[in-house]
Amino acid sequence: MSAARLSVVTAVAVVAALAAVSGCSEKTDAKASDAIQVTATDDSCKVSKTSFPAGHVKFAFENKGSKVNELYVYAPGDKIVTERENIGPGTKADISAELKAGDYEVTCKPGMKGDGLRTKVSVTGAGAPKKNDPRLDTAVAEYRKWAQSEADATIPKVKVFTDAVIKGDIEGAKAAFAPSRTGWESTEPIAESFGDIDPKTDTREDGLEPGQKWTGWHKLEKSLWATKAISAEDKTLAAQLLTDLTGWQKRVGTAEITPTSMANGAKELLDEVATGKITGEEDRYSHTDLSDFKGNVDGAQKAYELLKPVASQNNPELAKELDKQFTAINTLLAKYRTGDTFVSYDTVNAAQRKELSDGVNALAEPLSKLAAAVAK
Amino acid sequence: MSDENTTEAAAPQQDGADRDTTAERARGPVSRRAVIGWTGAGIALGAAAAGGAAAAVRTGNDVQPAGSAGNVIAFHGTNQAGITTPVQDRLHFAAFDVKTDDRAELVALLKEWTAAAAAMTAGKPVGAGAVRGLPEAPPDDTGEALGLPSSRLTITVGFGPTLFEKDGKDRFGLKAQRPTALVDLPAFPHDNLDATRSGGDICVQACADDPQVAVHAIRNLARIGFGKVAVRWSQLGFGKTSSTTPDEQTPRNLMGFKDGTHNVAGSDRATQDEHVWAAAKDGAAWMTGGSYLVARRIRMHIETWDRTPLKEQEDIFGRNKGEGAPAGKQREHDTPNLKAMLPTAHVRLAHPDSNSGVTILRRGYSFTDGTDGLGRLDAGLFFLAYQRDVRSGFIPVQKRLAATDALNEYIQHVGSAHFACPPGVRDSADWWGRGLFEGK
């Protein structure tokens, strides 16, 4: 979205990459005996130390249970700092991570599902982040969980779409296009936070950089609605879209999310509506803009609802206004519902677009104040 | 106008003191542009001419931010500023639709708007300003007027007929308060009105000598209003076409002519009381000291006009082009001999003598909104006229003009609105529309 946003995100990605690299190398400032022992059974997860200094940390994981296990280290808001999947019964694994000072949760996931068995640990040292209101950490964790569930639910819908393209089924692909996008649209700030996925999957023709190859949803949209033909290349692009989105699904857990970024993400979703959907630019061939519009609003509303316990305490008037405006925009959108989807945007006239635009402004303006209300 | 500010004169503040220089303004407005254009000696003379009171108040007032050092027109007063105020160079005018159904919410907005307007006209930013406040939050003020003087900014509000009643519905319990003078304007011959450039529940007229200051005012009010009101249409004006200071030359319109030379003077309180300000006996008590505003977007067929011979142009207006003198006269302000003009001449038809003495205060601006897609300038006159009652003001004059004005071949009215502009905001406890919503 914005350059600033991308740069922050890129920096996060780089740090993660560096951490991963150092994790693989044997260059270590911690002796093997300094490793933190994590001993898992099917219903327990024992961590040998709950306080240790910041820096290079090694976890010596031992699965003494009968189920396949996983180790996760979560930062507040359930951000995955490091993880290892598929640790079989009776096996051991060493997992390294570069941990900054702060609070974490070392988590075993017997059977590789659920929230896992968690042990709070404290990493000591200078520069520990200020502790958040625990309600906000919960909000971030819940938001991440919701975003993950949206991503998980999206992949099968994407597959319906890409399978249809690969089969050369134009009508089937057209019908599956809008539904394949809603989960992406509702969580778009997270997807955009990775920097590299959005350009591959959601770029419009006018947004291409010189020399950039056009891939993703909108290229296929143009083939289906404007060219009215599926080329061999489109079939390759469809397969690539599924691959890229599966990568997105896997990375939701590592996204850098803060209460402020959640709030600003909600505002940015409305910005997307205001600049792309209201004008009909987003889905210019399929005219399914209202479906994306709804996805954006739902995503913004989810973030708001999770932040509301804190926001309504700090700024009750703002919360009241946001409740009202979310209701108003949803009521307005509902007028354009037809079955499971929305009317084609090219049937929405200028006066109706103005009404939608007014509704978006009415919501987006107070929404721009949400970040301050949770940052107080 | 000087008698309307006695309160402020008694307790001189920056705002009041400046508005009190009306008498001096009659000798020549001290606009920012004018000051800049003068020589050093001229500036000194100008300062002296501007009046000791204002100068004395400004000196030593160190708490004011630098941005407020320009000429400030007092916001508070008996009448709203921006009507008889010497016409500023630039305009941004906006008409709003009220989106909320909640009267209390509308009242809260009008109060918030009033506070913001008072700040901006004093050269101050809105709320906590453009660069203060939480870093996580968007600033209260949008910031493009930072460091700019107030530039004689005036912000004038008005209420349209649809605020009182729309589609047969008494939206805010105001129907009974609708002044009988606030009529729905009749259709005039040749009107080609665009609904999306016409009407509106509330209007805001922002005038300043700096376009950025005027745009900043509308932009910030629109932003404050999101959710409660939405901009229905807005119009930028880049050059004034009228003057309320009689010894000033009348500015030319885009046809190259001086029009409306015989305007109501800002210093002529008697004429204003008769023709501009609504009086208690006129009906709606809350409008006492207010004025009725007609806004018309008049598109000029610039290209065809430019192909018209000089003689024909002058005959159409009833003036010469160079001096602006009425037909057969020497000087702009010479009393016109209407009979020397063609019966269809613009000046002859619009003159009070042809309209039983009808006088309206004109405050229009030239506009150019780029081109129209056919390569023609989308340009013309954004006509603004204030009067005590349109039924004895704009309507009869326009009926006459629409029927026979030779100028009609070169113009077309494409936007239209009528607003009741309430009296001035008295003090910091008062707000736009208080009389309407709470009664006097």
# chains A, B, ... in the order shown; residues from 1 in each chain; ligands from 1
>>> interface_residues(of="chain B", to="chain A", cutoff="12 Å", atoms="only C-alpha atoms", output="VMD selection string")
chain B and resid 96 to 100 105 133 to 140 195 to 196 220 222 to 233
>>> select_by_dssp(residues="range 72-319 of chain B", states="strand (DSSP E or B)", output="MDAnalysis selection string")
chainID B and resid 76 90:98 154:159 166 169 202:208 229:237 239:240 252 258 291:300 319
>>> residues_around(residues="range 330-346 of chain A", least_positions_apart="5", cutoff="7 Å", atoms="only C-alpha atoms", output="PyMOL selection string")
chain A and resi 280+287-291
>>> write_last_selection(atoms="N, CA and C atoms", output="compact mmCIF listing (two decimals), in the first residue's frame")
# COMPACT_ATOMS: atom_id res chain seq x y z
N GLY A 280 -14.80 1.78 -9.01
CA GLY A 280 -14.93 0.64 -9.91
C GLY A 280 -13.63 0.24 -10.58
N HIS A 287 -16.53 -6.32 -12.58
CA HIS A 287 -17.46 -5.47 -11.84
C HIS A 287 -17.95 -6.12 -10.55
N THR A 288 -17.07 -6.91 -9.94
CA THR A 288 -17.42 -7.54 -8.65
C THR A 288 -16.91 -6.70 -7.49
N ASP A 289 -16.76 -5.41 -7.70
CA ASP A 289 -16.18 -4.53 -6.68
C ASP A 289 -16.90 -4.58 -5.34
N LEU A 290 -18.23 -4.74 -5.39
CA LEU A 290 -18.98 -4.70 -4.13
C LEU A 290 -18.65 -5.89 -3.24
N SER A 291 -18.29 -7.00 -3.85
CA SER A 291 -17.89 -8.16 -3.06
C SER A 291 -16.58 -7.86 -2.32
>>> closest_residue(among="A:Thr279, A:Ser286, A:Thr154, A:Ser96", to="Thr182 in chain A", atoms="only C-alpha atoms")
A:Thr154
>>> select_by_dssp(residues="range 110-289 of chain A", states="alpha helix (DSSP H)", output="mmCIF file with N, CA and C atoms, in the first residue's frame")
data_model
loop_
_atom_site.group_PDB
_atom_site.id
_atom_site.type_symbol
_atom_site.label_atom_id
_atom_site.label_comp_id
_atom_site.auth_asym_id
_atom_site.auth_seq_id
_atom_site.Cartn_x
_atom_site.Cartn_y
_atom_site.Cartn_z
ATOM 1 N N PRO A 134 -2.976 -6.129 28.594
ATOM 2 C CA PRO A 134 -3.192 -7.534 28.196
ATOM 3 C C PRO A 134 -4.420 -7.698 27.293
ATOM 4 N N ARG A 135 -5.391 -6.782 27.432
ATOM 5 C CA ARG A 135 -6.573 -6.873 26.553
ATOM 6 C C ARG A 135 -6.176 -6.640 25.098
ATOM 7 N N LEU A 136 -5.149 -5.802 24.922
ATOM 8 C CA LEU A 136 -4.711 -5.528 23.556
ATOM 9 C C LEU A 136 -3.922 -6.700 22.989
ATOM 10 N N ASP A 137 -3.109 -7.336 23.846
ATOM 11 C CA ASP A 137 -2.417 -8.543 23.381
ATOM 12 C C ASP A 137 -3.434 -9.608 22.961
ATOM 13 N N THR A 138 -4.483 -9.714 23.755
ATOM 14 C CA THR A 138 -5.542 -10.668 23.414
ATOM 15 C C THR A 138 -6.188 -10.292 22.081
ATOM 16 N N ALA A 139 -6.419 -8.980 21.906
ATOM 17 C CA ALA A 139 -7.040 -8.530 20.660
ATOM 18 C C ALA A 139 -6.172 -8.904 19.466
ATOM 19 N N VAL A 140 -4.876 -8.680 19.585
ATOM 20 C CA VAL A 140 -3.968 -9.005 18.484
ATOM 21 C C VAL A 140 -3.975 -10.514 18.225
ATOM 22 N N ALA A 141 -3.908 -11.306 19.321
ATOM 23 C CA ALA A 141 -3.897 -12.767 19.159
ATOM 24 C C ALA A 141 -5.186 -13.241 18.494
ATOM 25 N N GLU A 142 -6.299 -12.669 18.926
ATOM 26 C CA GLU A 142 -7.590 -13.063 18.342
ATOM 27 C C GLU A 142 -7.687 -12.652 16.878
ATOM 28 N N TYR A 143 -7.143 -11.494 16.595
ATOM 29 C CA TYR A 143 -7.177 -11.003 15.217
ATOM 30 C C TYR A 143 -6.344 -11.910 14.319
ATOM 31 N N ARG A 144 -5.191 -12.307 14.840
ATOM 32 C CA ARG A 144 -4.317 -13.186 14.056
ATOM 33 C C ARG A 144 -5.009 -14.531 13.811
ATOM 34 N N LYS A 145 -5.669 -15.001 14.858
ATOM 35 C CA LYS A 145 -6.369 -16.280 14.741
ATOM 36 C C LYS A 145 -7.475 -16.177 13.689
ATOM 37 N N TRP A 146 -8.190 -15.046 13.727
ATOM 38 C CA TRP A 146 -9.267 -14.837 12.757
ATOM 39 C C TRP A 146 -8.700 -14.739 11.343
ATOM 40 N N ALA A 147 -7.594 -13.989 11.220
ATOM 41 C CA ALA A 147 -6.985 -13.832 9.898
ATOM 42 C C ALA A 147 -6.535 -15.187 9.367
ATOM 43 N N GLN A 148 -5.993 -15.993 10.264
ATOM 44 C CA GLN A 148 -5.564 -17.342 9.861
ATOM 45 C C GLN A 148 -6.765 -18.152 9.384
ATOM 46 N N SER A 149 -7.861 -18.050 10.124
ATOM 47 C CA SER A 149 -9.040 -18.836 9.726
ATOM 48 C C SER A 149 -9.593 -18.343 8.387
ATOM 49 N N GLU A 150 -9.515 -17.027 8.155
ATOM 50 C CA GLU A 150 -9.939 -16.479 6.853
ATOM 51 C C GLU A 150 -9.051 -17.031 5.740
ATOM 52 N N ALA A 151 -7.752 -17.047 6.010
ATOM 53 C CA ALA A 151 -6.805 -17.552 5.005
ATOM 54 C C ALA A 151 -7.049 -19.037 4.755
ATOM 55 N N ASP A 152 -7.257 -19.769 5.854
ATOM 56 C CA ASP A 152 -7.491 -21.222 5.712
ATOM 57 C C ASP A 152 -8.746 -21.476 4.887
ATOM 58 N N ALA A 153 -9.778 -20.651 5.118
ATOM 59 C CA ALA A 153 -11.036 -20.855 4.396
ATOM 60 C C ALA A 153 -10.934 -20.386 2.951
ATOM 61 N N THR A 154 -9.987 -19.487 2.696
ATOM 62 C CA THR A 154 -9.860 -18.927 1.350
ATOM 63 C C THR A 154 -9.215 -19.902 0.371
ATOM 64 N N ILE A 155 -8.235 -20.656 0.857
ATOM 65 C CA ILE A 155 -7.474 -21.513 -0.057
ATOM 66 C C ILE A 155 -8.370 -22.468 -0.857
ATOM 67 N N PRO A 156 -9.300 -23.161 -0.213
ATOM 68 C CA PRO A 156 -10.172 -24.042 -1.019
ATOM 69 C C PRO A 156 -10.980 -23.263 -2.072
ATOM 70 N N LYS A 157 -11.384 -22.026 -1.716
ATOM 71 C CA LYS A 157 -12.157 -21.229 -2.678
ATOM 72 C C LYS A 157 -11.270 -20.781 -3.839
ATOM 73 N N VAL A 158 -10.036 -20.491 -3.512
ATOM 74 C CA VAL A 158 -9.082 -20.141 -4.565
ATOM 75 C C VAL A 158 -8.893 -21.341 -5.486
ATOM 76 N N LYS A 159 -8.864 -22.524 -4.862
ATOM 77 C CA LYS A 159 -8.629 -23.732 -5.660
ATOM 78 C C LYS A 159 -9.790 -23.984 -6.625
ATOM 79 N N VAL A 160 -10.998 -23.699 -6.179
ATOM 80 C CA VAL A 160 -12.143 -23.845 -7.086
ATOM 81 C C VAL A 160 -11.931 -22.951 -8.308
ATOM 82 N N PHE A 161 -11.473 -21.726 -8.026
ATOM 83 C CA PHE A 161 -11.240 -20.759 -9.103
ATOM 84 C C PHE A 161 -10.103 -21.215 -10.016
ATOM 85 N N THR A 162 -8.981 -21.550 -9.416
ATOM 86 C CA THR A 162 -7.816 -21.888 -10.251
ATOM 87 C C THR A 162 -8.036 -23.219 -10.981
ATOM 88 N N ASP A 163 -8.732 -24.138 -10.337
ATOM 89 C CA ASP A 163 -9.039 -25.404 -11.031
ATOM 90 C C ASP A 163 -9.880 -25.139 -12.274
ATOM 91 N N ALA A 164 -10.853 -24.235 -12.117
ATOM 92 C CA ALA A 164 -11.717 -23.920 -13.263
ATOM 93 C C ALA A 164 -10.906 -23.311 -14.396
ATOM 94 N N VAL A 165 -9.991 -22.404 -14.036
ATOM 95 C CA VAL A 165 -9.143 -21.801 -15.068
ATOM 96 C C VAL A 165 -8.312 -22.879 -15.754
ATOM 97 N N ILE A 166 -7.745 -23.742 -14.936
ATOM 98 C CA ILE A 166 -6.865 -24.777 -15.494
ATOM 99 C C ILE A 166 -7.661 -25.727 -16.408
ATOM 100 N N LYS A 167 -8.924 -25.934 -16.053
ATOM 101 C CA LYS A 167 -9.773 -26.792 -16.902
ATOM 102 C C LYS A 167 -10.266 -26.060 -18.155
ATOM 103 N N ILE A 170 -14.515 -21.249 -18.462
ATOM 104 C CA ILE A 170 -14.636 -19.793 -18.281
ATOM 105 C C ILE A 170 -15.775 -19.430 -17.325
ATOM 106 N N GLU A 171 -16.950 -20.002 -17.546
ATOM 107 C CA GLU A 171 -18.098 -19.646 -16.695
ATOM 108 C C GLU A 171 -17.859 -20.053 -15.254
ATOM 109 N N GLY A 172 -17.295 -21.252 -15.072
ATOM 110 C CA GLY A 172 -16.995 -21.726 -13.713
ATOM 111 C C GLY A 172 -15.993 -20.803 -13.029
ATOM 112 N N ALA A 173 -15.007 -20.382 -13.779
ATOM 113 C CA ALA A 173 -13.982 -19.504 -13.209
ATOM 114 C C ALA A 173 -14.561 -18.148 -12.860
ATOM 115 N N LYS A 174 -15.437 -17.645 -13.734
ATOM 116 C CA LYS A 174 -16.076 -16.350 -13.451
ATOM 117 C C LYS A 174 -16.876 -16.408 -12.153
ATOM 118 N N ALA A 175 -17.630 -17.492 -11.985
ATOM 119 C CA ALA A 175 -18.461 -17.622 -10.782
ATOM 120 C C ALA A 175 -17.602 -17.728 -9.527
ATOM 121 N N ALA A 176 -16.408 -18.302 -9.676
ATOM 122 C CA ALA A 176 -15.560 -18.528 -8.501
ATOM 123 C C ALA A 176 -14.625 -17.364 -8.217
ATOM 124 N N PHE A 177 -14.578 -16.394 -9.118
ATOM 125 C CA PHE A 177 -13.610 -15.290 -8.981
ATOM 126 C C PHE A 177 -13.837 -14.461 -7.710
ATOM 127 N N ALA A 178 -15.022 -13.894 -7.569
ATOM 128 C CA ALA A 178 -15.274 -13.014 -6.414
ATOM 129 C C ALA A 178 -15.145 -13.765 -5.089
ATOM 130 N N PRO A 179 -15.764 -14.958 -4.956
ATOM 131 C CA PRO A 179 -15.615 -15.672 -3.682
ATOM 132 C C PRO A 179 -14.156 -15.992 -3.338
ATOM 133 N N SER A 180 -13.323 -16.166 -4.337
ATOM 134 C CA SER A 180 -11.921 -16.492 -4.055
ATOM 135 C C SER A 180 -11.175 -15.315 -3.444
ATOM 136 N N ARG A 181 -11.764 -14.119 -3.521
ATOM 137 C CA ARG A 181 -11.048 -12.918 -3.094
ATOM 138 C C ARG A 181 -11.451 -12.381 -1.720
ATOM 139 N N THR A 182 -12.630 -12.787 -1.219
ATOM 140 C CA THR A 182 -13.151 -12.084 -0.032
ATOM 141 C C THR A 182 -12.254 -12.263 1.201
ATOM 142 N N GLY A 183 -11.725 -13.464 1.410
ATOM 143 C CA GLY A 183 -10.854 -13.674 2.574
ATOM 144 C C GLY A 183 -9.585 -12.851 2.469
ATOM 145 N N TRP A 184 -9.098 -12.739 1.270
ATOM 146 C CA TRP A 184 -7.924 -11.893 1.007
ATOM 147 C C TRP A 184 -8.251 -10.430 1.276
ATOM 148 N N GLU A 185 -9.400 -9.991 0.769
ATOM 149 C CA GLU A 185 -9.786 -8.595 0.937
ATOM 150 C C GLU A 185 -9.999 -8.244 2.404
ATOM 151 N N SER A 186 -10.577 -9.190 3.154
ATOM 152 C CA SER A 186 -10.883 -8.874 4.555
ATOM 153 C C SER A 186 -9.609 -8.783 5.393
ATOM 154 N N GLU A 188 -6.510 -7.921 4.078
ATOM 155 C CA GLU A 188 -5.499 -7.392 3.167
ATOM 156 C C GLU A 188 -4.308 -6.695 3.831
ATOM 157 N N PRO A 189 -4.515 -5.951 4.928
ATOM 158 C CA PRO A 189 -3.332 -5.322 5.538
ATOM 159 C C PRO A 189 -2.263 -6.350 5.927
ATOM 160 N N ILE A 190 -2.694 -7.528 6.351
ATOM 161 C CA ILE A 190 -1.711 -8.557 6.721
ATOM 162 C C ILE A 190 -0.985 -9.040 5.473
ATOM 163 N N ALA A 191 -1.745 -9.319 4.433
ATOM 164 C CA ALA A 191 -1.121 -9.787 3.198
ATOM 165 C C ALA A 191 -0.141 -8.742 2.678
ATOM 166 N N GLU A 192 -0.564 -7.485 2.739
ATOM 167 C CA GLU A 192 0.308 -6.428 2.231
ATOM 168 C C GLU A 192 1.528 -6.243 3.113
ATOM 169 N N SER A 193 1.402 -6.628 4.382
ATOM 170 C CA SER A 193 2.534 -6.461 5.291
ATOM 171 C C SER A 193 3.708 -7.355 4.890
ATOM 172 N N ASP A 198 1.477 -9.523 -2.280
ATOM 173 C CA ASP A 198 0.468 -8.683 -2.938
ATOM 174 C C ASP A 198 0.813 -8.342 -4.396
ATOM 175 N N PRO A 199 2.046 -7.963 -4.698
ATOM 176 C CA PRO A 199 2.347 -7.643 -6.110
ATOM 177 C C PRO A 199 2.157 -8.841 -7.043
ATOM 178 N N LYS A 200 2.336 -10.043 -6.504
ATOM 179 C CA LYS A 200 2.200 -11.220 -7.362
ATOM 180 C C LYS A 200 0.740 -11.638 -7.559
ATOM 181 N N THR A 201 -0.090 -11.328 -6.566
ATOM 182 C CA THR A 201 -1.449 -11.872 -6.604
ATOM 183 C C THR A 201 -2.531 -10.845 -6.935
ATOM 184 N N TRP A 217 -4.756 -12.514 -9.727
ATOM 185 C CA TRP A 217 -6.201 -12.479 -9.951
ATOM 186 C C TRP A 217 -6.622 -11.594 -11.128
ATOM 187 N N HIS A 218 -6.094 -10.376 -11.140
ATOM 188 C CA HIS A 218 -6.644 -9.412 -12.093
ATOM 189 C C HIS A 218 -6.238 -9.709 -13.533
ATOM 190 N N LYS A 219 -5.090 -10.369 -13.723
ATOM 191 C CA LYS A 219 -4.728 -10.803 -15.076
ATOM 192 C C LYS A 219 -5.752 -11.850 -15.553
ATOM 193 N N LEU A 220 -6.079 -12.760 -14.649
ATOM 194 C CA LEU A 220 -7.048 -13.801 -15.013
ATOM 195 C C LEU A 220 -8.436 -13.179 -15.217
ATOM 196 N N GLU A 221 -8.742 -12.159 -14.385
ATOM 197 C CA GLU A 221 -10.023 -11.455 -14.529
ATOM 198 C C GLU A 221 -10.147 -10.870 -15.938
ATOM 199 N N ALA A 232 -2.872 -20.726 -22.447
ATOM 200 C CA ALA A 232 -2.023 -21.694 -21.745
ATOM 201 C C ALA A 232 -1.289 -20.997 -20.612
ATOM 202 N N GLU A 233 -0.883 -19.752 -20.880
ATOM 203 C CA GLU A 233 -0.175 -19.005 -19.838
ATOM 204 C C GLU A 233 -1.084 -18.744 -18.638
ATOM 205 N N ASP A 234 -2.365 -18.464 -18.914
ATOM 206 C CA ASP A 234 -3.309 -18.231 -17.818
ATOM 207 C C ASP A 234 -3.384 -19.441 -16.892
ATOM 208 N N LYS A 235 -3.329 -20.615 -17.484
ATOM 209 C CA LYS A 235 -3.403 -21.833 -16.665
ATOM 210 C C LYS A 235 -2.185 -21.929 -15.753
ATOM 211 N N THR A 236 -1.029 -21.556 -16.291
ATOM 212 C CA THR A 236 0.181 -21.533 -15.462
ATOM 213 C C THR A 236 0.038 -20.491 -14.360
ATOM 214 N N LEU A 237 -0.521 -19.336 -14.726
ATOM 215 C CA LEU A 237 -0.697 -18.265 -13.736
ATOM 216 C C LEU A 237 -1.673 -18.687 -12.642
ATOM 217 N N ALA A 238 -2.689 -19.434 -13.012
ATOM 218 C CA ALA A 238 -3.654 -19.905 -12.013
ATOM 219 C C ALA A 238 -2.965 -20.800 -10.996
ATOM 220 N N ALA A 239 -2.141 -21.719 -11.504
ATOM 221 C CA ALA A 239 -1.413 -22.604 -10.591
ATOM 222 C C ALA A 239 -0.496 -21.788 -9.693
ATOM 223 N N GLN A 240 0.137 -20.791 -10.276
ATOM 224 C CA GLN A 240 1.046 -19.940 -9.502
ATOM 225 C C GLN A 240 0.281 -19.146 -8.439
ATOM 226 N N LEU A 241 -0.924 -18.697 -8.781
ATOM 227 C CA LEU A 241 -1.742 -17.946 -7.823
ATOM 228 C C LEU A 241 -2.031 -18.800 -6.593
ATOM 229 N N LEU A 242 -2.383 -20.052 -6.843
ATOM 230 C CA LEU A 242 -2.668 -20.944 -5.714
ATOM 231 C C LEU A 242 -1.415 -21.123 -4.862
ATOM 232 N N THR A 243 -0.283 -21.292 -5.513
ATOM 233 C CA THR A 243 0.979 -21.462 -4.775
ATOM 234 C C THR A 243 1.289 -20.216 -3.944
ATOM 235 N N ASP A 244 1.158 -19.053 -4.571
ATOM 236 C CA ASP A 244 1.469 -17.809 -3.858
ATOM 237 C C ASP A 244 0.542 -17.605 -2.662
ATOM 238 N N LEU A 245 -0.720 -17.934 -2.849
ATOM 239 C CA LEU A 245 -1.678 -17.727 -1.755
ATOM 240 C C LEU A 245 -1.487 -18.766 -0.663
ATOM 241 N N THR A 246 -1.031 -19.939 -1.021
ATOM 242 C CA THR A 246 -0.725 -20.923 0.010
ATOM 243 C C THR A 246 0.449 -20.417 0.858
ATOM 244 N N GLY A 247 1.385 -19.755 0.220
ATOM 245 C CA GLY A 247 2.487 -19.135 0.954
ATOM 246 C C GLY A 247 1.977 -18.070 1.923
ATOM 247 N N TRP A 248 1.023 -17.292 1.443
ATOM 248 C CA TRP A 248 0.393 -16.270 2.313
ATOM 249 C C TRP A 248 -0.270 -16.938 3.528
ATOM 250 N N GLN A 249 -1.013 -18.001 3.266
ATOM 251 C CA GLN A 249 -1.717 -18.718 4.336
ATOM 252 C C GLN A 249 -0.738 -19.171 5.415
ATOM 253 N N LYS A 250 0.435 -19.617 4.972
ATOM 254 C CA LYS A 250 1.418 -20.152 5.922
ATOM 255 C C LYS A 250 2.102 -19.051 6.725
ATOM 256 N N ARG A 251 2.069 -17.815 6.222
ATOM 257 C CA ARG A 251 2.848 -16.756 6.879
ATOM 258 C C ARG A 251 2.025 -15.838 7.770
ATOM 259 N N PRO A 259 -1.597 -3.478 18.143
ATOM 260 C CA PRO A 259 -2.936 -2.872 18.224
ATOM 261 C C PRO A 259 -3.057 -1.676 17.280
ATOM 262 N N THR A 260 -1.987 -0.892 17.207
ATOM 263 C CA THR A 260 -2.026 0.276 16.326
ATOM 264 C C THR A 260 -2.095 -0.138 14.860
ATOM 265 N N SER A 261 -1.325 -1.170 14.513
ATOM 266 C CA SER A 261 -1.355 -1.581 13.105
ATOM 267 C C SER A 261 -2.693 -2.216 12.755
ATOM 268 N N MET A 262 -3.310 -2.847 13.729
ATOM 269 C CA MET A 262 -4.668 -3.375 13.492
ATOM 270 C C MET A 262 -5.635 -2.239 13.186
ATOM 271 N N ALA A 263 -5.543 -1.207 14.029
ATOM 272 C CA ALA A 263 -6.459 -0.067 13.861
ATOM 273 C C ALA A 263 -6.185 0.642 12.546
ATOM 274 N N ASN A 264 -4.912 0.862 12.254
ATOM 275 C CA ASN A 264 -4.592 1.531 10.989
ATOM 276 C C ASN A 264 -4.902 0.637 9.801
ATOM 277 N N GLY A 265 -4.752 -0.673 10.006
ATOM 278 C CA GLY A 265 -5.119 -1.612 8.947
ATOM 279 C C GLY A 265 -6.602 -1.498 8.620
ATOM 280 N N ALA A 266 -7.407 -1.329 9.666
ATOM 281 C CA ALA A 266 -8.853 -1.170 9.459
ATOM 282 C C ALA A 266 -9.121 0.085 8.637
ATOM 283 N N LYS A 267 -8.437 1.149 8.993
ATOM 284 C CA LYS A 267 -8.587 2.408 8.243
ATOM 285 C C LYS A 267 -8.131 2.221 6.790
ATOM 286 N N GLU A 268 -7.018 1.492 6.629
ATOM 287 C CA GLU A 268 -6.488 1.290 5.273
ATOM 288 C C GLU A 268 -7.447 0.464 4.411
ATOM 289 N N LEU A 269 -8.172 -0.434 5.055
ATOM 290 C CA LEU A 269 -9.171 -1.194 4.295
ATOM 291 C C LEU A 269 -10.233 -0.255 3.737
ATOM 292 N N LEU A 270 -10.604 0.724 4.546
ATOM 293 C CA LEU A 270 -11.584 1.706 4.052
ATOM 294 C C LEU A 270 -10.955 2.607 2.990
ATOM 295 N N ASP A 271 -9.658 2.887 3.140
ATOM 296 C CA ASP A 271 -8.950 3.649 2.098
ATOM 297 C C ASP A 271 -9.026 2.897 0.770
ATOM 298 N N GLU A 272 -8.835 1.580 0.855
ATOM 299 C CA GLU A 272 -8.914 0.737 -0.344
ATOM 300 C C GLU A 272 -10.279 0.894 -1.011
ATOM 301 N N ASP A 289 -16.760 -5.414 -7.701
ATOM 302 C CA ASP A 289 -16.181 -4.531 -6.683
ATOM 303 C C ASP A 289 -16.904 -4.581 -5.341
#
>>> atom_distance(atom1="CA of Gly77 in chain B", atom2="CA of Asp430 in chain B")
10.4 Å
>>> atom_distance(atom1="CA of Gln80 in chain B", atom2="CA of Ala284 in chain B")
16.9 Å
>>> residues_around(residues="range 106-108 of chain A", least_positions_apart="2", cutoff="9 Å", atoms="only C-alpha atoms", output="MDAnalysis selection string")
chainID A and resid 38:41 44:47 69:74 104 110 112 115:121
>>> write_last_selection(atoms="C-alpha atoms", output="short mmCIF file (atom, residue, chain, number, x, y, z; two decimals), in the first residue's frame")
data_model
loop_
_atom_site.label_atom_id
_atom_site.label_comp_id
_atom_site.auth_asym_id
_atom_site.auth_seq_id
_atom_site.Cartn_x
_atom_site.Cartn_y
_atom_site.Cartn_z
CA VAL A 38 11.56 -28.63 26.34
CA THR A 39 10.10 -31.97 27.19
CA ALA A 40 6.75 -32.81 25.66
CA THR A 41 4.27 -35.58 26.19
CA SER A 44 2.34 -31.83 29.02
CA CYS A 45 5.05 -29.44 27.98
CA LYS A 46 7.86 -28.86 30.41
CA VAL A 47 10.27 -25.99 29.91
CA ASN A 69 4.39 -32.61 18.09
CA GLU A 70 5.37 -29.06 17.25
CA LEU A 71 7.28 -26.32 19.01
CA TYR A 72 6.28 -22.66 18.70
CA VAL A 73 7.74 -19.62 20.36
CA TYR A 74 5.18 -16.81 20.38
CA TYR A 104 7.26 -15.02 25.09
CA PRO A 110 0.78 -32.39 20.48
CA MET A 112 -0.16 -30.35 15.71
CA ASP A 115 -3.62 -23.35 20.82
CA GLY A 116 -1.09 -25.76 22.37
CA LEU A 117 0.35 -26.13 25.85
CA ARG A 118 1.95 -22.84 26.71
CA THR A 119 4.65 -21.78 29.19
CA LYS A 120 5.33 -18.10 29.72
CA VAL A 121 9.01 -17.24 29.62
#
>>> residues_around(residues="range 244-255 of chain B", least_positions_apart="4", cutoff="10 Å", atoms="only C-alpha atoms", output="ChimeraX atom specification")
/B:25-29,83-87,239-240,259-268,300-302,305-306,313,321,323-324,332-333,361-368,379-381,410
>>> residues_around(residues="Lys111 in chain B", least_positions_apart="3", cutoff="6 Å", atoms="only C-alpha atoms", output="ChimeraX atom specification")
/B:108,114,431
>>> closest_residue(among="A:Asp78, A:Asp34, A:Glu209, A:Asp42", to="Gly253 in chain A", atoms="only C-alpha atoms")
A:Asp78
